[in-house]
file my_file.cif (mmCIF, C-alpha atoms and all ligand atoms)
data_my_file
loop_
_atom_site.label_atom_id
_atom_site.label_comp_id
_atom_site.auth_asym_id
_atom_site.auth_seq_id
_atom_site.Cartn_x
_atom_site.Cartn_y
_atom_site.Cartn_z
CA MET G 1 4.33 26.88 11.36
CA THR G 2 3.06 27.33 14.89
CA GLU G 3 4.49 25.25 17.68
CA ILE G 4 2.42 24.67 20.79
CA ILE G 5 4.51 24.12 23.90
CA VAL G 6 3.00 23.13 27.24
CA VAL G 7 4.84 24.02 30.44
CA THR G 8 3.78 21.35 32.90
CA SER G 9 4.90 19.50 36.04
CA GLY G 10 2.27 17.57 37.96
CA LYS G 11 3.41 18.89 41.32
CA GLY G 12 2.48 22.46 42.19
CA GLY G 13 4.76 25.38 42.92
CA VAL G 14 7.82 24.03 41.13
CA GLY G 15 8.30 27.01 38.78
CA LYS G 16 6.01 26.53 35.76
CA THR G 17 4.70 30.09 35.61
CA THR G 18 8.16 31.54 36.23
CA THR G 19 9.41 29.37 33.37
CA ALA G 20 6.54 30.11 30.97
CA ALA G 21 7.02 33.86 31.48
CA SER G 22 10.78 33.77 30.98
CA ILE G 23 10.78 31.37 28.04
CA GLY G 24 8.03 33.44 26.43
CA CYS G 25 10.12 36.60 26.77
CA GLY G 26 13.23 34.76 25.61
CA LEU G 27 11.57 33.49 22.44
CA ALA G 28 10.18 36.95 21.71
CA ARG G 29 13.63 38.44 22.20
CA ARG G 30 14.88 36.04 19.56
CA GLY G 31 12.38 37.58 17.16
CA LYS G 32 9.59 35.03 17.48
CA ARG G 33 5.95 35.92 17.71
CA VAL G 34 4.77 34.41 20.99
CA ALA G 35 1.51 34.01 22.90
CA VAL G 36 1.63 32.81 26.50
CA ILE G 37 -1.68 31.41 27.76
CA ASP G 38 -2.56 30.94 31.43
CA PHE G 39 -4.51 27.69 31.80
CA ASP G 40 -4.74 27.99 35.57
CA ILE G 41 -8.46 28.83 35.62
CA GLY G 42 -9.51 30.27 38.96
CA LEU G 43 -5.93 31.00 40.00
CA ARG G 44 -4.71 33.57 37.49
CA ASN G 45 -1.02 34.39 38.10
CA LEU G 46 0.83 34.65 34.83
CA ASP G 47 -0.38 38.25 34.41
CA LEU G 48 1.29 39.20 37.71
CA ILE G 49 4.58 37.54 36.88
CA MET G 50 4.53 39.22 33.44
CA GLY G 51 3.57 42.56 35.02
CA CYS G 52 0.40 43.13 32.99
CA GLU G 53 -2.23 42.45 35.67
CA ARG G 54 -3.72 45.92 35.42
CA ARG G 55 -4.33 45.58 31.72
CA VAL G 56 -6.46 42.45 31.89
CA VAL G 57 -9.91 43.32 30.56
CA TYR G 58 -10.98 40.07 28.96
CA ASP G 59 -9.69 36.58 29.64
CA PHE G 60 -9.40 33.12 28.12
CA VAL G 61 -12.91 32.06 29.18
CA ASN G 62 -14.46 35.28 27.80
CA VAL G 63 -13.01 34.39 24.40
CA ILE G 64 -14.24 30.81 24.60
CA HIS G 65 -17.74 32.01 25.48
CA GLY G 66 -17.68 34.51 22.62
CA GLU G 67 -17.95 37.52 24.95
CA CYS G 68 -15.06 39.21 23.16
CA THR G 69 -12.71 38.56 20.28
CA LEU G 70 -9.33 36.93 20.73
CA LYS G 71 -7.68 40.19 19.64
CA GLN G 72 -9.44 42.08 22.43
CA ALA G 73 -8.28 39.58 25.04
CA LEU G 74 -4.63 39.32 23.98
CA ILE G 75 -2.46 41.68 26.01
CA ARG G 76 0.57 42.95 24.20
CA ASP G 77 3.73 43.10 26.30
CA LYS G 78 5.04 46.62 26.98
CA ARG G 79 8.68 45.55 26.63
CA LEU G 80 8.61 43.12 23.73
CA GLU G 81 6.34 43.88 20.84
CA SER G 82 6.01 40.33 19.53
CA LEU G 83 4.91 38.95 22.91
CA TYR G 84 1.29 38.52 24.00
CA VAL G 85 -0.43 37.22 27.10
CA LEU G 86 -3.85 35.62 27.42
CA ALA G 87 -4.94 35.75 31.06
CA ALA G 88 -6.78 32.99 32.88
CA SER G 89 -10.26 33.64 34.10
CA GLN G 90 -10.94 33.95 37.82
CA THR G 91 -14.13 31.93 37.57
CA ARG G 92 -14.62 29.03 39.92
CA ASP G 93 -16.42 27.05 37.23
CA LYS G 94 -14.15 24.09 36.48
CA ASP G 95 -15.93 23.41 33.19
CA ALA G 96 -15.32 26.88 31.80
CA LEU G 97 -12.67 25.47 29.46
CA THR G 98 -13.85 23.11 26.76
CA PRO G 99 -11.68 21.14 24.35
CA GLU G 100 -13.49 22.69 21.37
CA GLY G 101 -13.05 26.19 22.78
CA VAL G 102 -9.35 25.69 23.44
CA GLN G 103 -8.83 24.19 20.01
CA ARG G 104 -10.60 27.11 18.33
CA ILE G 105 -8.37 29.65 20.09
CA LEU G 106 -5.18 27.75 19.29
CA GLU G 107 -6.20 27.52 15.64
CA GLU G 108 -6.98 31.22 15.52
CA LEU G 109 -3.55 32.03 16.96
CA ALA G 110 -1.92 29.73 14.42
CA ALA G 111 -3.84 31.36 11.57
CA ASP G 112 -2.68 34.72 12.89
CA GLY G 113 0.93 33.68 12.37
CA PHE G 114 2.17 33.08 15.88
CA ASP G 115 5.42 31.10 15.95
CA PHE G 116 4.98 29.78 19.47
CA ILE G 117 2.07 29.28 21.82
CA LEU G 118 3.15 28.57 25.39
CA CYS G 119 0.55 26.94 27.61
CA ASP G 120 1.18 27.53 31.31
CA SER G 121 -0.43 24.48 32.92
CA PRO G 122 -2.02 24.37 36.34
CA ALA G 123 -0.66 21.83 38.82
CA GLY G 124 -2.23 18.42 39.16
CA ILE G 125 -3.59 16.01 36.58
CA GLU G 126 -7.16 17.30 36.38
CA LYS G 127 -9.03 18.89 33.50
CA GLY G 128 -7.02 22.13 33.30
CA ALA G 129 -3.71 20.30 33.15
CA HIS G 130 -5.14 17.87 30.64
CA LEU G 131 -6.38 20.63 28.32
CA ALA G 132 -3.12 22.54 28.62
CA MET G 133 -1.19 19.54 27.29
CA TYR G 134 -3.75 18.03 24.93
CA PHE G 135 -2.89 20.02 21.78
CA ALA G 136 0.84 20.40 22.47
CA ASP G 137 3.62 19.60 20.03
CA ARG G 138 6.27 19.86 22.71
CA ALA G 139 6.34 19.79 26.48
CA ILE G 140 8.66 21.48 28.93
CA VAL G 141 8.45 19.33 32.04
CA VAL G 142 9.47 21.50 34.98
CA VAL G 143 11.08 19.54 37.79
CA ASN G 144 12.73 20.35 41.12
CA PRO G 145 15.53 18.01 42.21
CA GLU G 146 13.39 16.51 44.91
CA VAL G 147 11.59 13.14 45.21
CA SER G 148 7.93 14.12 44.92
CA SER G 149 8.51 16.50 42.02
CA VAL G 150 10.42 13.85 40.07
CA ARG G 151 7.79 11.21 40.72
CA ASP G 152 4.91 13.49 39.71
CA SER G 153 6.69 14.56 36.57
CA ASP G 154 6.95 10.93 35.56
CA ARG G 155 3.17 10.64 35.85
CA ILE G 156 2.92 13.66 33.57
CA LEU G 157 5.20 11.91 31.08
CA GLY G 158 2.75 9.02 31.12
CA LEU G 159 -0.13 11.37 30.31
CA LEU G 160 1.83 13.14 27.57
CA ALA G 161 2.42 9.76 25.99
CA SER G 162 -1.22 8.73 26.07
CA LYS G 163 -3.68 11.58 26.63
CA THR G 164 -2.62 14.09 23.98
CA ARG G 165 -3.72 14.71 20.42
CA ARG G 166 -0.31 13.71 19.09
CA ALA G 167 -0.34 10.47 21.08
CA GLU G 168 -3.85 9.65 19.88
CA ASN G 169 -3.05 10.39 16.24
CA GLY G 170 0.13 8.38 16.48
CA ASN G 171 2.18 11.04 14.73
CA GLY G 172 5.33 10.82 16.78
CA GLY G 173 3.90 11.95 20.10
CA VAL G 174 4.77 15.07 22.05
CA ARG G 175 8.45 16.01 22.15
CA GLU G 176 9.48 16.17 25.81
CA HIS G 177 12.09 18.40 27.40
CA LEU G 178 13.30 18.35 30.99
CA LEU G 179 13.78 21.69 32.71
CA LEU G 180 15.34 21.30 36.12
CA THR G 181 14.87 24.34 38.30
CA ARG G 182 15.68 25.56 41.83
CA TYR G 183 18.98 23.75 41.37
CA SER G 184 21.61 24.24 44.02
CA PRO G 185 25.10 23.19 42.86
CA ARG G 186 26.37 23.56 46.40
CA ARG G 187 23.86 21.07 47.80
CA VAL G 188 24.49 18.73 44.89
CA ALA G 189 28.21 18.86 45.73
CA THR G 190 27.55 17.89 49.34
CA GLY G 191 25.29 15.03 48.30
CA GLU G 192 22.10 16.55 49.70
CA MET G 193 20.46 17.14 46.34
CA MET G 194 20.09 14.96 43.28
CA SER G 195 22.20 16.10 40.34
CA VAL G 196 21.07 16.87 36.77
CA GLY G 197 22.58 13.55 35.79
CA ASP G 198 20.55 11.71 38.44
CA VAL G 199 17.23 13.22 37.40
CA LYS G 200 18.00 12.82 33.73
CA GLU G 201 18.80 9.16 34.29
CA ILE G 202 15.64 8.49 36.31
CA LEU G 203 13.30 10.16 33.84
CA GLY G 204 15.21 9.42 30.65
CA LEU G 205 14.65 12.88 29.19
CA GLU G 206 16.80 15.29 27.27
CA VAL G 207 17.70 18.36 29.39
CA VAL G 208 16.63 21.70 27.93
CA GLY G 209 17.76 23.77 30.89
CA VAL G 210 19.03 23.84 34.45
CA ILE G 211 17.95 26.92 36.38
CA PRO G 212 19.74 27.70 39.63
CA GLU G 213 17.94 28.47 42.87
CA SER G 214 18.15 32.22 43.31
CA ASN G 215 16.65 35.13 45.22
CA GLU G 216 16.48 37.01 41.92
CA VAL G 217 13.33 35.07 41.05
CA LEU G 218 11.43 36.57 43.98
CA THR G 219 12.75 40.05 43.25
CA ALA G 220 11.66 39.68 39.63
CA SER G 221 8.17 38.50 40.54
CA ASN G 222 7.81 41.35 43.03
CA ALA G 223 8.47 43.77 40.19
CA GLY G 224 6.42 41.96 37.54
CA THR G 225 9.49 41.59 35.34
CA PRO G 226 10.13 38.07 34.05
CA VAL G 227 13.48 37.08 35.54
CA ILE G 228 15.06 36.46 32.13
CA LEU G 229 14.99 40.23 31.59
CA ASN G 230 17.28 40.78 34.58
CA GLU G 231 20.49 40.50 32.61
CA GLU G 232 22.71 40.49 35.69
CA SER G 233 21.32 37.29 37.12
CA VAL G 234 22.61 33.80 36.33
CA VAL G 235 18.96 32.72 36.25
CA SER G 236 18.51 34.96 33.21
CA LEU G 237 21.51 33.40 31.47
CA ALA G 238 20.27 29.91 32.31
CA TYR G 239 16.84 30.69 30.83
CA GLN G 240 18.46 32.26 27.75
CA ASP G 241 20.40 29.04 27.24
CA ALA G 242 17.19 27.03 27.56
CA VAL G 243 15.53 29.22 24.92
CA ALA G 244 18.50 28.69 22.59
CA ARG G 245 18.23 24.92 23.05
CA LEU G 246 14.50 25.01 22.35
CA LEU G 247 15.34 26.76 19.10
CA GLY G 248 17.77 23.99 18.23
CA ASP G 249 21.10 25.54 19.23
CA THR G 250 23.69 23.37 20.90
CA VAL G 251 24.63 25.04 24.15
CA PRO G 252 26.59 23.36 26.95
CA LEU G 253 25.03 23.39 30.43
CA ARG G 254 26.29 26.13 32.75
CA PHE G 255 25.90 26.91 36.45
CA ILE G 256 25.60 23.26 37.41
CA GLU G 257 28.81 23.20 39.39
CA GLU G 258 29.81 25.19 42.38
CA PRO G 259 32.42 27.76 41.40
CA LYS G 260 35.81 26.49 42.53
CA LYS G 261 37.04 28.63 45.34
CA GLY G 262 40.47 30.13 44.97
CA PHE G 263 43.17 29.49 47.53
CA LEU G 264 42.64 32.82 49.28
CA ALA G 265 38.85 32.48 49.39
CA ARG G 266 39.24 29.07 50.97
CA LEU G 267 41.77 30.38 53.43
CA PHE G 268 39.51 33.19 54.56
CA GLY G 269 36.30 31.19 54.25
CA GLY G 270 34.83 33.58 51.67
CA MET Q 1 35.36 1.56 66.38
CA ARG Q 2 35.36 5.30 66.09
CA LEU Q 3 37.76 5.12 63.25
CA LEU Q 4 35.49 2.67 61.40
CA GLY Q 5 32.52 4.96 61.99
CA LEU Q 6 34.50 7.72 60.42
CA PHE Q 7 35.03 5.77 57.24
CA ARG Q 8 31.61 4.19 56.98
CA ARG Q 9 29.40 7.20 56.55
CA PRO Q 10 25.78 6.64 55.55
CA PRO Q 11 25.27 7.20 51.81
CA PRO Q 12 24.48 10.81 50.92
CA SER Q 13 20.74 11.46 50.98
CA ALA Q 14 20.63 12.37 47.28
CA GLN Q 15 21.91 8.90 46.45
CA VAL Q 16 19.17 7.34 48.56
CA ALA Q 17 16.58 9.53 46.79
CA LYS Q 18 17.87 8.49 43.40
CA GLU Q 19 17.79 4.81 44.23
CA ARG Q 20 14.24 5.00 45.63
CA LEU Q 21 13.01 6.92 42.60
CA ARG Q 22 14.69 4.56 40.17
CA ILE Q 23 12.77 1.63 41.61
CA LEU Q 24 9.49 3.50 41.99
CA VAL Q 25 9.51 5.01 38.51
CA ALA Q 26 10.34 1.67 36.92
CA GLN Q 27 7.47 0.09 38.83
CA GLU Q 28 4.96 2.81 37.99
CA ARG Q 29 5.95 2.77 34.36
CA THR Q 30 5.23 -0.94 33.97
CA ALA Q 31 1.80 -0.49 35.53
CA ARG Q 32 1.06 2.46 33.25
CA GLY Q 33 -1.35 1.90 30.41
CA GLY Q 34 -2.01 -1.57 31.74
CA PRO Q 35 -5.19 -2.67 33.47
CA ASP Q 36 -6.11 -1.01 36.77
CA TYR Q 37 -5.88 -4.30 38.65
CA LEU Q 38 -2.10 -4.58 38.21
CA PRO Q 39 -1.10 -2.99 41.55
CA LEU Q 40 -3.57 -5.19 43.44
CA LEU Q 41 -2.52 -8.27 41.51
CA ARG Q 42 1.06 -7.50 42.40
CA ARG Q 43 0.25 -7.15 46.09
CA GLU Q 44 -1.73 -10.38 46.20
CA LEU Q 45 0.95 -12.29 44.35
CA LEU Q 46 3.46 -11.04 46.82
CA LYS Q 47 1.29 -12.27 49.68
CA VAL Q 48 0.89 -15.73 48.19
CA ILE Q 49 4.54 -16.16 47.31
CA ARG Q 50 5.57 -15.06 50.77
CA LYS Q 51 3.73 -18.05 52.22
CA TYR Q 52 6.47 -20.16 50.67
CA VAL Q 53 9.53 -17.98 50.22
CA ASN Q 54 10.47 -14.78 51.96
CA ILE Q 55 11.00 -12.30 49.13
CA ASP Q 56 11.37 -8.53 48.90
CA PRO Q 57 8.49 -6.47 47.50
CA GLU Q 58 10.84 -5.44 44.69
CA ALA Q 59 11.42 -9.05 43.73
CA VAL Q 60 8.10 -9.26 41.91
CA HIS Q 61 8.20 -7.81 38.41
CA ILE Q 62 5.14 -7.42 36.27
CA ARG Q 63 5.28 -6.40 32.66
CA PHE Q 64 2.28 -5.63 30.58
CA ASP Q 65 2.60 -5.51 26.81
CA ARG Q 66 0.27 -5.01 23.94
CA ALA Q 67 1.32 -6.62 20.71
CA GLU Q 68 -0.62 -7.14 17.50
CA GLY Q 69 -4.07 -7.74 18.87
CA HIS Q 70 -3.13 -9.62 22.03
CA GLU Q 71 -1.97 -8.60 25.46
CA VAL Q 72 0.82 -10.22 27.40
CA LEU Q 73 1.25 -10.23 31.13
CA GLU Q 74 4.75 -11.21 32.09
CA LEU Q 75 5.56 -12.12 35.67
CA SER Q 76 8.96 -12.74 37.11
CA VAL Q 77 9.99 -13.30 40.69
CA ALA Q 78 13.58 -13.07 41.81
CA LEU Q 79 14.17 -15.60 44.59
CA PRO Q 80 16.66 -14.80 47.32
CA GLY Q 81 20.08 -16.42 46.91
CA LYS Q 82 20.89 -19.36 49.15
N1 LIG N 301 14.93 29.30 40.25
C1 LIG N 301 14.22 29.67 41.34
N2 LIG N 301 14.85 30.08 42.47
C2 LIG N 301 14.14 30.44 43.55
N3 LIG N 301 12.81 30.47 43.61
C3 LIG N 301 12.11 30.07 42.54
C4 LIG N 301 12.78 29.65 41.33
N4 LIG N 301 11.83 29.33 40.43
C5 LIG N 301 10.63 29.53 41.03
N5 LIG N 301 10.79 29.98 42.28
C6 LIG N 301 9.74 30.33 43.25
O1 LIG N 301 8.87 29.23 43.42
C7 LIG N 301 7.55 29.66 43.64
C8 LIG N 301 6.61 28.97 42.66
O2 LIG N 301 6.90 29.41 41.34
P1 LIG N 301 5.81 29.38 40.19
O3 LIG N 301 4.63 30.19 40.56
O4 LIG N 301 6.50 29.72 38.92
O5 LIG N 301 5.43 27.84 40.23
P2 LIG N 301 4.22 27.11 39.49
O6 LIG N 301 4.73 25.76 39.15
O7 LIG N 301 3.70 27.93 38.38
O8 LIG N 301 3.14 27.03 40.66
P3 LIG N 301 1.60 26.52 40.49
O9 LIG N 301 1.68 25.03 40.43
O10 LIG N 301 0.94 27.02 41.73
O11 LIG N 301 1.07 27.14 39.24
C9 LIG N 301 7.54 31.17 43.49
O12 LIG N 301 7.56 31.74 44.76
C10 LIG N 301 8.84 31.46 42.76
O13 LIG N 301 9.35 32.71 43.10
MG MG N 302 1.67 28.55 37.94
#

call {"tool": "encode", "arguments": {"input": "my_file.cif", "output": "structure tokens", "more": "lines below"}}
Ligand SMILES: Nc1ncnc2c1ncn2[C@@H]1O[C@H](COP(=O)(O)OP(=O)(O)OP(=O)(O)O)[C@@H](O)[C@H]1O
Ligand SMILES: [Mg+2]
result
Amino acid sequence: MTEIIVVTSGKGGVGKTTTAASIGCGLARRGKRVAVIDFDIGLRNLDLIMGCERRVVYDFVNVIHGECTLKQALIRDKRLESLYVLAASQTRDKDALTPEGVQRILEELAADGFDFILCDSPAGIEKGAHLAMYFADRAIVVVNPEVSSVRDSDRILGLLASKTRRAENGNGGVREHLLLTRYSPRRVATGEMMSVGDVKEILGLEVVGVIPESNEVLTASNAGTPVILNEESVVSLAYQDAVARLLGDTVPLRFIEEPKKGFLARLFGG
Amino acid sequence: MRLLGLFRRPPPSAQVAKERLRILVAQERTARGGPDYLPLLRRELLKVIRKYVNIDPEAVHIRFDRAEGHEVLELSVALPGK
């Protein structure tokens, strides 16, 4: 069975593409066959974060228009052999994506035996975001612990509950997961930043992951290596935990508290 | 005085954010799926009621429900304590 997961947020720049790339890699590393699709038509970026930008020949819209086959457009990852990327088109035509076209591609991927299809949504609540979520079975709602991100994500929850195929068919709706990212335990400790508990309480969602704020994310995107593949970083571990939870494992949250400083560190202000 | 100031710090900003969001999200969720006129209705109600009693904007609650073929609009107004 193929599961379609949308990575969405409402507000822009919160970490959707970073998350889609890392979760995609993480699922593939756990032996799943994964396709990650960039729905951000006109602003292609997933290919850069995944490091396959120079291998894009055909894109999502080319497949929809029948200008190539899906097989020709899917880019196989160089590091993980069960991972594929479908790049967004750079066209400025907002109507390039059609519901029928998107559905046809998703069905073809399902028939091809993909375990997971990750849809990297554009920001906002316009057509692209709508199509990215419409066919989803599950949603990863990416949120920063900050007022406008939390508010916008609640609007997205409203859309997931009404404007999706599962909502319309009344078969249980889309399963929603909260992924809190750019989390700073230090600022939570000083009361400057809302905690996981706060955001969870406001939105009433189950938490699939808490990703710390880290410079490693920038370094990884510079290199075109999804940050989950940088084994040394806590961000990688946090994303690996999120992947495990998506797959149904019970994993306690980590990296949500500031490491307690030892007596000496405190003494010397380390 | 200075000692009091020391003890009575303003609440941490995260707590303020949480409280504001809690109210806002609850409000936006009740309006969701309901008719588009709900926000306006709410504002006008507030205006009318304020001619008689001075209430907070948060004191007006509107609930919209759909149940077996009919729709229910539930209004409640919390009046300030004496
Ligand atoms: N955990 C993190 N720590 C630090 N920086 C991060 C983290 N996650 C994401 N970022 C940074 O935030 C920025 C936006 O990330 P990303 O492109 O993934 O967001 P997006 O939601 O896909 O944006 P858009 O809405 O434009 O598609 C990037 O510069 C990225 O490096
Ligand atoms: Mg993006």

call {"tool": "residues_near_ligand", "arguments": {"input": "my_file.cif", "ligand": "ligand MG 302 (chain N)", "cutoff": "9 Å", "atoms": "only C-alpha atoms and all ligand atoms", "output": "list in words"}}
result
Gly12, Gly13, Val14, Gly15, Lys16, Thr17, Thr18, Ala20, Asp38, Phe39, Asp40, Leu43, Arg44, Asn45, Leu46, Asp120, Ser121, Pro122 and Ala123 of chain G

call {"tool": "closest_residue", "arguments": {"input": "my_file.cif", "among": "G:Pro252, G:Val207, G:Arg155, G:Tyr239", "to": "Ala31 in chain Q", "atoms": "only C-alpha atoms"}}
result
G:Arg155

call {"tool": "residues_around", "arguments": {"input": "my_file.cif", "residues": "Met133 in chain G", "least_positions_apart": "2", "cutoff": "10 Å", "atoms": "only C-alpha atoms", "output": "count of residues only"}}
result
25

call {"tool": "residues_around", "arguments": {"input": "my_file.cif", "residues": "Leu45 in chain Q", "least_positions_apart": "5", "cutoff": "12 Å", "atoms": "all atoms listed in the file", "output": "PyMOL selection string"}}
result
chain Q and resi 37-40+50-53+55-57+59-62+75-77

call {"tool": "residues_around", "arguments": {"input": "my_file.cif", "residues": "Val85 in chain G", "least_positions_apart": "6", "cutoff": "9 Å", "atoms": "all atoms listed in the file", "output": "PyMOL selection string"}}
result
chain G and resi 34-38+46-47+50+52+73-77

call {"tool": "closest_atom_pairs", "arguments": {"input": "my_file.cif", "of": "chain G", "to": "chain Q", "cutoff": "12 Å", "atoms": "only C-alpha atoms", "output": "CSV"}}
result
residue,atom,partner,partner_atom,distance
G:Pro145,CA,Q:Ala14,CA,9.1
G:Glu146,CA,Q:Ala17,CA,7.9
G:Val147,CA,Q:Ala17,CA,6.4
G:Ser148,CA,Q:Leu21,CA,9.1
G:Ser149,CA,Q:Leu21,CA,10.6
G:Val150,CA,Q:Leu21,CA,7.8
G:Arg151,CA,Q:Val25,CA,6.8
G:Asp152,CA,Q:Val25,CA,9.7
G:Ser153,CA,Q:Val25,CA,10.1
G:Asp154,CA,Q:Val25,CA,7.1
G:Arg155,CA,Q:Glu28,CA,8.3
G:Ile156,CA,Q:Arg29,CA,11.3
G:Leu157,CA,Q:Arg29,CA,9.7
G:Gly158,CA,Q:Arg32,CA,7.1
G:Leu159,CA,Q:Arg32,CA,9.5
G:Ala161,CA,Q:Gly33,CA,9.8
G:Ser162,CA,Q:Gly33,CA,8.1
G:Lys163,CA,Q:Gly33,CA,10.6
G:Arg187,CA,Q:Ala14,CA,9.3
G:Val188,CA,Q:Ala14,CA,7.8
G:Ala189,CA,Q:Ala14,CA,10.1
G:Thr190,CA,Q:Pro12,CA,7.9
G:Gly191,CA,Q:Pro12,CA,5.0
G:Glu192,CA,Q:Ala14,CA,5.0
G:Met193,CA,Q:Ala14,CA,4.9
G:Met194,CA,Q:Ala14,CA,4.8
G:Ser195,CA,Q:Ala14,CA,8.0
G:Val196,CA,Q:Lys18,CA,11.2
G:Gly197,CA,Q:Lys18,CA,10.3
G:Asp198,CA,Q:Lys18,CA,6.5
G:Val199,CA,Q:Lys18,CA,7.7
G:Lys200,CA,Q:Lys18,CA,10.6
G:Glu201,CA,Q:Arg22,CA,8.5
G:Ile202,CA,Q:Arg22,CA,5.6
G:Leu203,CA,Q:Val25,CA,7.9
G:Gly204,CA,Q:Val25,CA,10.7

call {"tool": "residues_around", "arguments": {"input": "my_file.cif", "residues": "Gly209 in chain G", "least_positions_apart": "2", "cutoff": "12 Å", "atoms": "only C-alpha atoms", "output": "PyMOL selection string"}}
result
chain G and resi 19+23+140-144+177-183+196+200+205-207+211-212+235-246+250-256

call {"tool": "axis_aligned_box", "arguments": {"input": "my_file.cif", "around": "ligand LIG 301 (chain N)", "padding_each_side": "3 Å", "output": "lines of an AutoDock Vina configuration file"}}
result
center_x = 7.9
center_y = 28.9
center_z = 41.6
size_x = 20.0
size_y = 13.7
size_z = 12.4

call {"tool": "atom_distance", "arguments": {"input": "my_file.cif", "atom1": "CA of Val210 in chain G", "atom2": "CA of Ala21 in chain G"}}
result
15.9 Å

call {"tool": "atom_distance", "arguments": {"input": "my_file.cif", "atom1": "CA of Ala88 in chain G", "atom2": "CA of Val57 in chain G"}}
result
11.0 Å
